[in-house]
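The next block holds one structure in the form of structure tokens; read it before the comments.
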Number of protein chains: 4
Amino acid sequence: MTRKLKSELGFSTADRIVVRGHDLVEELIGKVSLGDVAFLELKGRLPTKQESNVFNALTVTLVEHGMTPSAIATRLTYYGAPESLQGAVAAGLLGMGDRFGGSAEAAARMLQEALQETEKGAPLATDLRPLASAIVTRHKETKQPIAGLGHPVHKPIDPRTPKLFEIAAENGLSGRYVDLMQLVGEEASRSYGRSLPVNATGAIGAIASELGIPWRVCRGLAVMARAVGLVAHLQEEMEEPLAPEIWARTEEESSSHLRPSTD
Amino acid sequence: MTRKLKSELGFSTADRIVVRGHDLVEELIGKVSLGDVAFLELKGRLPTKQESNVFNALTVTLVEHGMTPSAIATRLTYYGAPESLQGAVAAGLLGMGDRFGGSAEAAARMLQEALQETEKGAPLATDLRPLASAIVTRHKETKQPIAGLGHPVHKPIDPRTPKLFEIAAENGLSGRYVDLMQLVGEEASRSYGRSLPVNATGAIGAIASELGIPWRVCRGLAVMARAVGLVAHLQEEMEEPLAPEIWARTEEESSSHLRPSTD
Amino acid sequence: MTRKLKSELGFSTADRIVVRGHDLVEELIGKVSLGDVAFLELKGRLPTKQESNVFNALTVTLVEHGMTPSAIATRLTYYGAPESLQGAVAAGLLGMGDRFGGSAEAAARMLQEALQETEKGAPLATDLRPLASAIVTRHKETKQPIAGLGHPVHKPIDPRTPKLFEIAAENGLSGRYVDLMQLVGEEASRSYGRSLPVNATGAIGAIASELGIPWRVCRGLAVMARAVGLVAHLQEEMEEPLAPEIWARTEEESSSHLRPSTD
Amino acid sequence: MTRKLKSELGFSTADRIVVRGHDLVEELIGKVSLGDVAFLELKGRLPTKQESNVFNALTVTLVEHGMTPSAIATRLTYYGAPESLQGAVAAGLLGMGDRFGGSAEAAARMLQEALQETEKGAPLATDLRPLASAIVTRHKETKQPIAGLGHPVHKPIDPRTPKLFEIAAENGLSGRYVDLMQLVGEEASRSYGRSLPVNATGAIGAIASELGIPWRVCRGLAVMARAVGLVAHLQEEMEEPLAPEIWARTEEESSSHLRPSTD
């Protein structure tokens, strides 16, 4: 009548801790890096050297983006609740949504859905350009922005993109997802008549797809990496707090039109 | 009149992203691992090979602990809000408080405050045993538990502790904090008349102190590592959800005494 | 060059606190209830007696739903982080997403977009049934569920719905949104050939629309009301904790297939 | 072997929803206000008219404090994750910690522990002044600030305090907790040689104690009330966003010393 609860991630006994089938003490601690354990957690096996290079490159890209809305929210939260570092990190992660963490997810979804449809029982498309063109047309018709293209600051190109694609290629992990993403960029640039090169989230979505990471999980790469960065923001905030000043200025300015003039 | 806002963590221009003084594209992506960038973020410089070994060992230890309250909270949250993976991870991290993530912090604080007091303008204590003894006595008198000792499941010893201490020693990072933590365990076992060996959080608190990580930040090591693990729990939950079953059972049982008997 | 920060919600001076134009001490504390201040906050003015009756009815409906996934997540989080009641409430609220809090929002959106389109520069539709029918057809064609209809437990009807509609009518706040919601239920039942009556979230979405609350804010009614309920869950959890038992059972069962058989 | 899960808060059947022993549809919706249901949730019974007046006064005081760090964090979070209103409210609530929401809790704890000790098996103290004096002395000796006294902005007195005490008295709910709080303020002012009047959080902590609310739950009053206010901030942010401007300014200024000068 009831459904059995079951998880493959890990367990402990009195003398052992097992993570994804590996003895934590004997096989993981001191032998593999944090990034490789992240890969193990998601894929159920340790990465090859090539996969490790590529997976670490993806997450390293996502750790720190300077004083983002997330970082500011983390700092403001710590000011009110210094007893709860975890709460301040959580507050910052909550901003990793559709606008930020979501763009790599959206790019991965676009690519995975496109290639999944193509490959279902059908021979692999030998030419991906028609697929790219169809994606662009569909977005244009429904007036949806195409995930993973263009950047408000990094112009003419996002410097992370060629580096990430280069690392994927060097490690034998540049395949049809990367090809399709680049073709989508080319077709979009042609169709919209302006330069729309692949940005870092497009590259991450494509390469995560090469690694077989489901698109629904891609936002999680940003979340885990940014958790690292937000702890660093809190360390800095503890030493030299910005929150009181941001608060004071914002409160003063935003209510100045309401205050009695002689105040 | 106003205080200047200032952060050293990073910035971007049109063609560069700089993290802690390093060009992200030229110096970090593809060259260093996630764990090493976490070290860079916290310490302001990349780790030596030895520091990298030790720091990664600490964080790897903290990634996955099986079906913890945090993992269950993450899964339940995702069930209600599948649009927000970041919210589900945040919900799980919120449970990394005084009871869980807080114990490494408390151990680090105990050690750092003890050695800071000793070393202020005074010659280094040649014998740490009196210091360990004083710590035990103070906790006993105030009926406070000593952080970092004993474990409800891992008996007679926590298997992670000797491994972590071994790795610290092999990499030249076992010093006075590790010594003091071990002496506190010995003195506590003697004083309370029962075995109170150093557990994993005690080892982590001591080794993090060797790496110069302030105790207030130690909880952050658990938070960043667990963010990785919680994403893996969500990936599993997406494929085979446990949340509806946990909900149904808990709701049914907890209200059964209130329901009409014929229901 | 920069945009002025501006908010109308409130400010303080040395001797006054002003909320939405009302002196907190002179006009609000002791004169109006929590529900009425919630209305003031959202609408910028205090409610009439009729609006107060209806708005309080909506929020009262949303406070407590027993041992939901949110309530369980709140309890599990408190177990790990007892220093942070706010974190435990936040964890529970994070589950008020598309599946739960989102359904009133979706119903309100459906109604507000339908009537907005109709009324733009056009005379008010005298007959809403064609509009209801078009909504049902559109959902059926795209295989989208219609928000605010049917209920897995409350059958044949959700007992909250007639009560909420009755209160709206008694207070002169049952208009075109309520009519349209009911017609959508009728048309859907006819079209799908099974009973699909309006549920509580459909009634709330419709009545919130009558009160002029934008659909994007409707999820917030659930969030604010449930914050109340989650504090009550925490009070009970402090006295008689369920979290350790839920944890122990879930951990044991979910990993039993992985554990050594003699363990 | 296992412990029974049990909750008294509520349950549903096909045709009924019961909240704290009351039929939601028959007894609560349309009959009682949001504030009164909050009281019911916490106390297990509906309030008297007097209790309702006082409880609503407490929560009304806590709804809106203008552009606090919590409100700014909520707005910044929404900017990054507009799909998740609940996440943005949660982010703001996470800042209701020791510095903000915690002060009413700390005042209530001080009062409840003092009067509990006094009253255990002993006759009620006829004179509370020695108790107040002892509290002040203890805090002074350990250099701990006394919760609930003084205010950085509201000088010479916090205007909410006399109003809250007046309402408590008018409703027959000003007793020994309120007396003790006021005496602590008097004794502290004398002992420290400067005016330290009771502030709003001191008044709230004292009056919540009169209502029999455990000190551990008092922070929850601020959390539930502020959830209301944060939804209103989000409604305003949706119409006229402040987040992008706060982000742009903070990022620019905080990294200006790192940027190349010609940039």
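So you can find residues: chains in the structure tokens are A, B, ... in the order shown, residues in each start at 1, and ligands are numbered from 1 in order.
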
(request) Excluding region 5-16 of chain A and residues on its chain fewer than 4 positions from it, collect all residues at most 10 Å away from it, counting only C-alpha atoms, and give them as a PyMOL selection string. (result) (chain A and resi 20-26+40-42+44) or (chain B and resi 64-68+151-160+229+232-233+236-237+240-243+245-246) or (chain C and resi 249-260+263)

Convert the current residue selection to file output with N, CA and C atoms, as a compact mmCIF listing (two decimals), in the first residue's frame.
# COMPACT_ATOMS: atom_id res chain seq x y z
N ARG A 20 27.76 7.08 -2.50
CA ARG A 20 27.62 6.61 -3.89
C ARG A 20 28.48 5.36 -4.14
N GLY A 21 28.44 4.44 -3.18
CA GLY A 21 29.15 3.18 -3.36
C GLY A 21 30.63 3.20 -3.01
N HIS A 22 31.14 4.38 -2.66
CA HIS A 22 32.56 4.48 -2.30
C HIS A 22 32.71 4.69 -0.80
N ASP A 23 33.62 3.95 -0.20
CA ASP A 23 33.92 4.18 1.22
C ASP A 23 34.56 5.56 1.37
N LEU A 24 33.89 6.42 2.13
CA LEU A 24 34.34 7.81 2.24
C LEU A 24 35.78 7.89 2.72
N VAL A 25 36.10 7.13 3.77
CA VAL A 25 37.42 7.24 4.39
C VAL A 25 38.50 6.56 3.55
N GLU A 26 38.19 5.40 3.03
CA GLU A 26 39.22 4.65 2.31
C GLU A 26 39.42 5.13 0.87
N LEU A 40 30.91 12.78 -8.79
CA LEU A 40 30.48 11.46 -8.27
C LEU A 40 29.04 11.51 -7.78
N GLU A 41 28.71 12.55 -7.02
CA GLU A 41 27.36 12.67 -6.48
C GLU A 41 26.31 12.72 -7.60
N LEU A 42 26.63 13.46 -8.66
CA LEU A 42 25.64 13.64 -9.72
C LEU A 42 25.60 12.46 -10.69
N GLY A 44 27.16 9.25 -10.18
CA GLY A 44 27.21 7.90 -9.63
C GLY A 44 28.54 7.20 -9.85
N GLU B 64 28.30 14.66 1.72
CA GLU B 64 27.15 13.75 1.72
C GLU B 64 27.07 12.97 3.03
N HIS B 65 25.96 13.04 3.69
CA HIS B 65 25.74 12.26 4.91
C HIS B 65 24.47 11.44 4.82
N GLY B 66 24.06 11.11 3.61
CA GLY B 66 22.85 10.31 3.46
C GLY B 66 21.59 11.10 3.73
N MET B 67 20.55 10.41 4.20
CA MET B 67 19.23 11.01 4.30
C MET B 67 19.07 11.79 5.61
N THR B 68 19.77 12.91 5.70
CA THR B 68 19.72 13.78 6.87
C THR B 68 18.43 14.60 6.88
N HIS B 151 30.56 10.53 19.39
CA HIS B 151 29.65 10.43 18.24
C HIS B 151 28.58 9.38 18.57
N PRO B 152 27.31 9.67 18.25
CA PRO B 152 26.26 8.72 18.61
C PRO B 152 26.31 7.43 17.79
N VAL B 153 26.83 7.49 16.58
CA VAL B 153 26.81 6.30 15.71
C VAL B 153 28.20 5.70 15.55
N HIS B 154 29.18 6.55 15.29
CA HIS B 154 30.51 6.05 14.96
C HIS B 154 31.29 5.72 16.23
N LYS B 155 31.21 4.44 16.65
CA LYS B 155 31.85 3.97 17.87
C LYS B 155 32.66 2.73 17.57
N PRO B 156 33.77 2.49 18.23
CA PRO B 156 34.37 3.31 19.27
C PRO B 156 34.96 4.61 18.75
N ILE B 157 35.35 4.66 17.46
CA ILE B 157 35.87 5.94 16.98
C ILE B 157 35.22 6.31 15.65
N ASP B 158 35.24 7.62 15.38
CA ASP B 158 34.76 8.13 14.11
C ASP B 158 35.86 7.86 13.08
N PRO B 159 35.57 7.04 12.06
CA PRO B 159 36.64 6.63 11.15
C PRO B 159 37.24 7.79 10.35
N ARG B 160 36.53 8.90 10.28
CA ARG B 160 37.05 10.03 9.51
C ARG B 160 38.20 10.74 10.23
N GLY B 229 25.96 18.24 -2.08
CA GLY B 229 25.20 17.03 -1.78
C GLY B 229 23.70 17.21 -1.99
N ALA B 232 22.57 16.81 -5.49
CA ALA B 232 22.48 15.39 -5.86
C ALA B 232 21.20 14.76 -5.31
N HIS B 233 20.81 15.14 -4.10
CA HIS B 233 19.53 14.64 -3.57
C HIS B 233 18.37 15.07 -4.46
N GLU B 236 18.14 12.97 -7.58
CA GLU B 236 17.50 11.68 -7.31
C GLU B 236 16.00 11.84 -7.08
N GLU B 237 15.64 12.90 -6.37
CA GLU B 237 14.23 13.16 -6.08
C GLU B 237 13.43 13.41 -7.36
N GLU B 240 12.93 9.82 -8.81
CA GLU B 240 12.14 8.89 -8.00
C GLU B 240 11.77 9.60 -6.69
N PRO B 241 10.67 10.33 -6.69
CA PRO B 241 10.37 11.19 -5.54
C PRO B 241 10.01 10.42 -4.26
N LEU B 242 10.60 10.83 -3.16
CA LEU B 242 10.24 10.30 -1.84
C LEU B 242 9.25 11.21 -1.12
N ALA B 243 9.23 12.50 -1.50
CA ALA B 243 8.47 13.48 -0.73
C ALA B 243 6.99 13.13 -0.56
N GLU B 245 5.44 10.35 -0.41
CA GLU B 245 5.26 9.25 0.53
C GLU B 245 5.56 9.68 1.97
N ILE B 246 6.63 10.45 2.15
CA ILE B 246 6.96 10.94 3.50
C ILE B 246 5.82 11.83 4.01
N ARG C 249 13.41 7.22 10.82
CA ARG C 249 12.68 6.27 9.99
C ARG C 249 13.07 6.39 8.52
N THR C 250 13.14 7.63 8.05
CA THR C 250 13.41 7.84 6.62
C THR C 250 14.82 7.38 6.26
N GLU C 251 15.77 7.72 7.12
CA GLU C 251 17.15 7.32 6.84
C GLU C 251 17.27 5.79 6.83
N GLU C 252 16.71 5.17 7.85
CA GLU C 252 16.80 3.71 7.96
C GLU C 252 16.18 3.02 6.73
N GLU C 253 14.96 3.42 6.43
CA GLU C 253 14.27 2.73 5.34
C GLU C 253 14.92 2.98 3.98
N SER C 254 15.32 4.23 3.75
CA SER C 254 15.79 4.57 2.39
C SER C 254 17.16 3.97 2.09
N SER C 255 17.91 3.61 3.12
CA SER C 255 19.23 3.03 2.85
C SER C 255 19.30 1.56 3.22
N SER C 256 18.17 0.95 3.60
CA SER C 256 18.24 -0.43 4.09
C SER C 256 18.75 -1.39 3.01
N HIS C 257 18.45 -1.10 1.74
CA HIS C 257 18.91 -2.00 0.68
C HIS C 257 20.42 -1.88 0.44
N LEU C 258 21.04 -0.83 0.96
CA LEU C 258 22.48 -0.64 0.76
C LEU C 258 23.31 -1.20 1.91
N ARG C 259 22.68 -1.35 3.08
CA ARG C 259 23.44 -1.71 4.28
C ARG C 259 23.83 -3.20 4.26
N PRO C 260 24.97 -3.49 4.87
CA PRO C 260 25.35 -4.90 5.01
C PRO C 260 24.25 -5.64 5.78
N ASP C 263 24.10 -6.03 9.58
CA ASP C 263 24.24 -4.79 10.36
C ASP C 263 23.03 -4.56 11.26

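Listed by chain and then by rising number, the residues of region 1-215 of chain C that DSSP assigns to strand (DSSP E) from the backbone are Gly10, Phe11, Ser12, Ile17, Val18, Val19, His22 and Asp23 of chain C.
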
(message) Can you pull out the residues contacting Ile204 (chain A)? Cut-off 8 Å, using only C-alpha atoms, and skip same-chain residues under 5 positions away; I want them as a ChimeraX atom specification.
(response) /A:58,104,164

(request) Just the helix (DSSP H, G or I) stuff from region 92-190 of chain D, please, per backbone DSSP, written as number ranges by chain. (result) D: 92-93, 102-119, 129-141, 160-170, 176-190

(message) For region 134-136 of chain C, find every residue with an atom within 7 Å (counting only C-alpha atoms), except residues of its own chain fewer than 4 positions away, and show them as a ChimeraX atom specification.
(response) /C:130,140,184,187-188

(request) Counting only C-alpha atoms, collect the residues of chain A whose closest atom lies at most 10 Å from chain D, and write them out as a PyMOL selection string. (result) chain A and resi 66-84+86-102+242-244+246-255

Quick one: write out the picked residues with N, CA and C atoms as a short mmCIF file (atom, residue, chain, number, x, y, z; two decimals), in the first residue's frame?
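Result saved to result_6.cif:
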data_model
loop_
_atom_site.label_atom_id
_atom_site.label_comp_id
_atom_site.auth_asym_id
_atom_site.auth_seq_id
_atom_site.Cartn_x
_atom_site.Cartn_y
_atom_site.Cartn_z
N GLY A 66 31.50 38.78 -8.25
CA GLY A 66 31.58 40.10 -7.62
C GLY A 66 30.31 40.43 -6.86
N MET A 67 29.99 41.72 -6.77
CA MET A 67 28.93 42.17 -5.88
C MET A 67 27.57 42.08 -6.56
N THR A 68 27.11 40.85 -6.75
CA THR A 68 25.81 40.59 -7.37
C THR A 68 24.67 40.85 -6.38
N PRO A 69 23.44 40.90 -6.88
CA PRO A 69 22.30 40.98 -5.95
C PRO A 69 22.33 39.87 -4.90
N SER A 70 22.71 38.67 -5.30
CA SER A 70 22.82 37.57 -4.33
C SER A 70 23.82 37.90 -3.22
N ALA A 71 24.98 38.41 -3.61
CA ALA A 71 26.01 38.70 -2.61
C ALA A 71 25.54 39.81 -1.67
N ILE A 72 24.86 40.80 -2.21
CA ILE A 72 24.36 41.89 -1.36
C ILE A 72 23.29 41.36 -0.41
N ALA A 73 22.39 40.52 -0.92
CA ALA A 73 21.34 39.95 -0.06
C ALA A 73 21.96 39.11 1.07
N THR A 74 22.97 38.33 0.74
CA THR A 74 23.67 37.54 1.75
C THR A 74 24.24 38.44 2.85
N ARG A 75 24.86 39.53 2.45
CA ARG A 75 25.48 40.43 3.42
C ARG A 75 24.43 41.13 4.28
N LEU A 76 23.34 41.57 3.68
CA LEU A 76 22.28 42.23 4.45
C LEU A 76 21.65 41.26 5.45
N THR A 77 21.51 40.01 5.03
CA THR A 77 20.88 39.02 5.90
C THR A 77 21.77 38.71 7.10
N TYR A 78 23.06 38.60 6.84
CA TYR A 78 24.00 38.33 7.95
C TYR A 78 23.96 39.45 8.97
N TYR A 79 23.79 40.67 8.51
CA TYR A 79 23.74 41.80 9.44
C TYR A 79 22.61 41.63 10.45
N GLY A 80 21.47 41.16 9.99
CA GLY A 80 20.32 40.98 10.89
C GLY A 80 20.37 39.69 11.68
N ALA A 81 21.05 38.69 11.17
CA ALA A 81 21.04 37.35 11.79
C ALA A 81 22.45 36.76 11.82
N PRO A 82 23.36 37.39 12.59
CA PRO A 82 24.74 36.91 12.61
C PRO A 82 24.88 35.52 13.23
N GLU A 83 23.84 35.04 13.89
CA GLU A 83 23.88 33.70 14.49
C GLU A 83 23.75 32.61 13.45
N SER A 84 23.42 32.98 12.21
CA SER A 84 23.00 31.97 11.26
C SER A 84 23.69 32.19 9.90
N GLN A 86 24.37 30.03 7.81
CA GLN A 86 23.67 29.23 6.81
C GLN A 86 22.46 30.00 6.25
N GLY A 87 21.82 30.80 7.09
CA GLY A 87 20.68 31.59 6.63
C GLY A 87 21.10 32.66 5.64
N ALA A 88 22.26 33.25 5.88
CA ALA A 88 22.74 34.30 4.97
C ALA A 88 23.13 33.71 3.62
N VAL A 89 23.78 32.54 3.64
CA VAL A 89 24.10 31.88 2.36
C VAL A 89 22.80 31.50 1.64
N ALA A 90 21.86 30.95 2.39
CA ALA A 90 20.57 30.55 1.79
C ALA A 90 19.89 31.75 1.14
N ALA A 91 19.91 32.90 1.82
CA ALA A 91 19.27 34.10 1.26
C ALA A 91 19.90 34.46 -0.08
N GLY A 92 21.21 34.38 -0.17
CA GLY A 92 21.87 34.69 -1.43
C GLY A 92 21.54 33.68 -2.52
N LEU A 93 21.51 32.41 -2.15
CA LEU A 93 21.20 31.38 -3.15
C LEU A 93 19.78 31.54 -3.69
N LEU A 94 18.89 32.07 -2.87
CA LEU A 94 17.51 32.23 -3.32
C LEU A 94 17.39 33.16 -4.52
N GLY A 95 18.39 33.99 -4.72
CA GLY A 95 18.37 34.86 -5.90
C GLY A 95 18.94 34.21 -7.15
N MET A 96 19.40 32.96 -7.05
CA MET A 96 19.94 32.25 -8.22
C MET A 96 18.80 31.61 -9.01
N GLY A 97 17.86 32.42 -9.44
CA GLY A 97 16.67 31.90 -10.07
C GLY A 97 16.67 32.07 -11.57
N ASP A 98 15.48 32.28 -12.13
CA ASP A 98 15.34 32.32 -13.58
C ASP A 98 16.29 33.31 -14.24
N ARG A 99 16.54 34.45 -13.61
CA ARG A 99 17.36 35.47 -14.27
C ARG A 99 18.84 35.09 -14.28
N PHE A 100 19.32 34.50 -13.19
CA PHE A 100 20.74 34.20 -13.12
C PHE A 100 21.02 32.69 -13.32
N GLY A 101 20.85 31.90 -12.28
CA GLY A 101 21.15 30.47 -12.41
C GLY A 101 20.34 29.78 -13.48
N GLY A 102 19.21 30.40 -13.82
CA GLY A 102 18.30 29.73 -14.73
C GLY A 102 18.73 29.74 -16.19
N LEU A 242 29.57 45.93 4.88
CA LEU A 242 28.96 46.90 3.96
C LEU A 242 27.47 47.09 4.25
N ALA A 243 26.86 46.10 4.90
CA ALA A 243 25.40 46.10 5.03
C ALA A 243 24.85 47.35 5.71
N PRO A 244 25.44 47.82 6.83
CA PRO A 244 24.83 48.99 7.48
C PRO A 244 24.81 50.22 6.58
N ILE A 246 24.79 50.21 3.19
CA ILE A 246 23.81 50.02 2.12
C ILE A 246 22.40 50.26 2.66
N TRP A 247 22.15 49.76 3.84
CA TRP A 247 20.85 49.97 4.48
C TRP A 247 20.57 51.47 4.69
N ALA A 248 21.53 52.14 5.33
CA ALA A 248 21.31 53.55 5.69
C ALA A 248 21.03 54.39 4.44
N ARG A 249 21.86 54.18 3.42
CA ARG A 249 21.67 54.97 2.21
C ARG A 249 20.33 54.70 1.54
N THR A 250 19.99 53.39 1.45
CA THR A 250 18.77 53.02 0.73
C THR A 250 17.54 53.51 1.48
N GLU A 251 17.56 53.35 2.80
CA GLU A 251 16.41 53.80 3.58
C GLU A 251 16.23 55.31 3.47
N GLU A 252 17.32 56.02 3.66
CA GLU A 252 17.26 57.48 3.61
C GLU A 252 16.72 57.97 2.26
N GLU A 253 17.32 57.46 1.20
CA GLU A 253 16.94 57.98 -0.11
C GLU A 253 15.52 57.58 -0.51
N SER A 254 15.15 56.34 -0.18
CA SER A 254 13.86 55.86 -0.69
C SER A 254 12.68 56.47 0.04
N SER A 255 12.92 57.03 1.23
CA SER A 255 11.80 57.62 1.97
C SER A 255 11.94 59.14 2.07
#

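With only C-alpha atoms as the atoms that count, the residue of D:Ile146, D:Leu173, D:Leu46, D:Leu85 with the shortest distance to Met110 (chain D) is D:Ile146.
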
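Of the listed residues C:Val178, C:Ala107, C:Ala168, C:Leu183, the one whose atoms come nearest to Cys218 (chain C) is C:Ala107, with distances taken using only C-alpha atoms.
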
Selection: 8 Å around Gly205 (chain D), only C-alpha atoms, excl. self and same-chain fewer than 2 positions, as a PDB file with N, CA and C atoms, in the first residue's frame:
ATOM      1  N   ALA D 104      12.898  41.055  20.879  1.00  0.00           N
ATOM      2  CA  ALA D 104      11.675  40.782  21.654  1.00  0.00           C
ATOM      3  C   ALA D 104      11.787  39.422  22.354  1.00  0.00           C
ATOM      4  N   GLU D 105      12.380  38.473  21.642  1.00  0.00           N
ATOM      5  CA  GLU D 105      12.619  37.161  22.249  1.00  0.00           C
ATOM      6  C   GLU D 105      13.514  37.272  23.480  1.00  0.00           C
ATOM      7  N   ALA D 106      14.587  38.035  23.344  1.00  0.00           N
ATOM      8  CA  ALA D 106      15.533  38.152  24.458  1.00  0.00           C
ATOM      9  C   ALA D 106      14.878  38.838  25.659  1.00  0.00           C
ATOM     10  N   ALA D 107      14.054  39.851  25.397  1.00  0.00           N
ATOM     11  CA  ALA D 107      13.360  40.527  26.510  1.00  0.00           C
ATOM     12  C   ALA D 107      12.392  39.568  27.185  1.00  0.00           C
ATOM     13  N   ALA D 108      11.630  38.832  26.372  1.00  0.00           N
ATOM     14  CA  ALA D 108      10.676  37.874  26.950  1.00  0.00           C
ATOM     15  C   ALA D 108      11.409  36.806  27.757  1.00  0.00           C
ATOM     16  N   ARG D 109      12.531  36.365  27.252  1.00  0.00           N
ATOM     17  CA  ARG D 109      13.296  35.345  27.974  1.00  0.00           C
ATOM     18  C   ARG D 109      13.765  35.864  29.336  1.00  0.00           C
ATOM     19  N   GLY D 148      15.609  45.068  25.129  1.00  0.00           N
ATOM     20  CA  GLY D 148      14.352  45.791  25.269  1.00  0.00           C
ATOM     21  C   GLY D 148      14.474  47.208  25.786  1.00  0.00           C
ATOM     22  N   THR D 201      10.472  46.574  21.386  1.00  0.00           N
ATOM     23  CA  THR D 201      10.687  45.131  21.536  1.00  0.00           C
ATOM     24  C   THR D 201      10.600  44.723  23.010  1.00  0.00           C
ATOM     25  N   GLY D 202      11.007  45.596  23.904  1.00  0.00           N
ATOM     26  CA  GLY D 202      10.829  45.300  25.330  1.00  0.00           C
ATOM     27  C   GLY D 202       9.356  45.220  25.686  1.00  0.00           C
ATOM     28  N   ALA D 203       8.578  46.164  25.162  1.00  0.00           N
ATOM     29  CA  ALA D 203       7.138  46.150  25.435  1.00  0.00           C
ATOM     30  C   ALA D 203       6.487  44.902  24.847  1.00  0.00           C
ATOM     31  N   ILE D 207       4.542  42.047  26.970  1.00  0.00           N
ATOM     32  CA  ILE D 207       3.109  41.807  26.762  1.00  0.00           C
ATOM     33  C   ILE D 207       2.868  40.407  26.215  1.00  0.00           C
ATOM     34  N   ALA D 208       3.756  39.920  25.340  1.00  0.00           N
ATOM     35  CA  ALA D 208       3.639  38.538  24.870  1.00  0.00           C
ATOM     36  C   ALA D 208       3.731  37.582  26.071  1.00  0.00           C
ATOM     37  N   SER D 209       4.565  37.921  27.038  1.00  0.00           N
ATOM     38  CA  SER D 209       4.667  37.092  28.245  1.00  0.00           C
ATOM     39  C   SER D 209       3.357  37.119  29.030  1.00  0.00           C
ATOM     40  N   TRP D 215       8.908  32.380  25.521  1.00  0.00           N
ATOM     41  CA  TRP D 215       9.887  33.293  24.918  1.00  0.00           C
ATOM     42  C   TRP D 215      10.472  32.754  23.616  1.00  0.00           C
ATOM     43  N   CYS D 218       8.536  34.035  20.675  1.00  0.00           N
ATOM     44  CA  CYS D 218       8.314  35.475  20.465  1.00  0.00           C
ATOM     45  C   CYS D 218       8.911  35.979  19.165  1.00  0.00           C
TER      46      CYS D 218
END

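Across the structure, CA of Val54 (chain A) and CA of Lys31 (chain A) are spaced 18.6 Å apart.
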
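Atom pair CA of Val32 (chain C) / CA of Arg219 (chain C) has a distance of 23.8 Å (rounded to one decimal).
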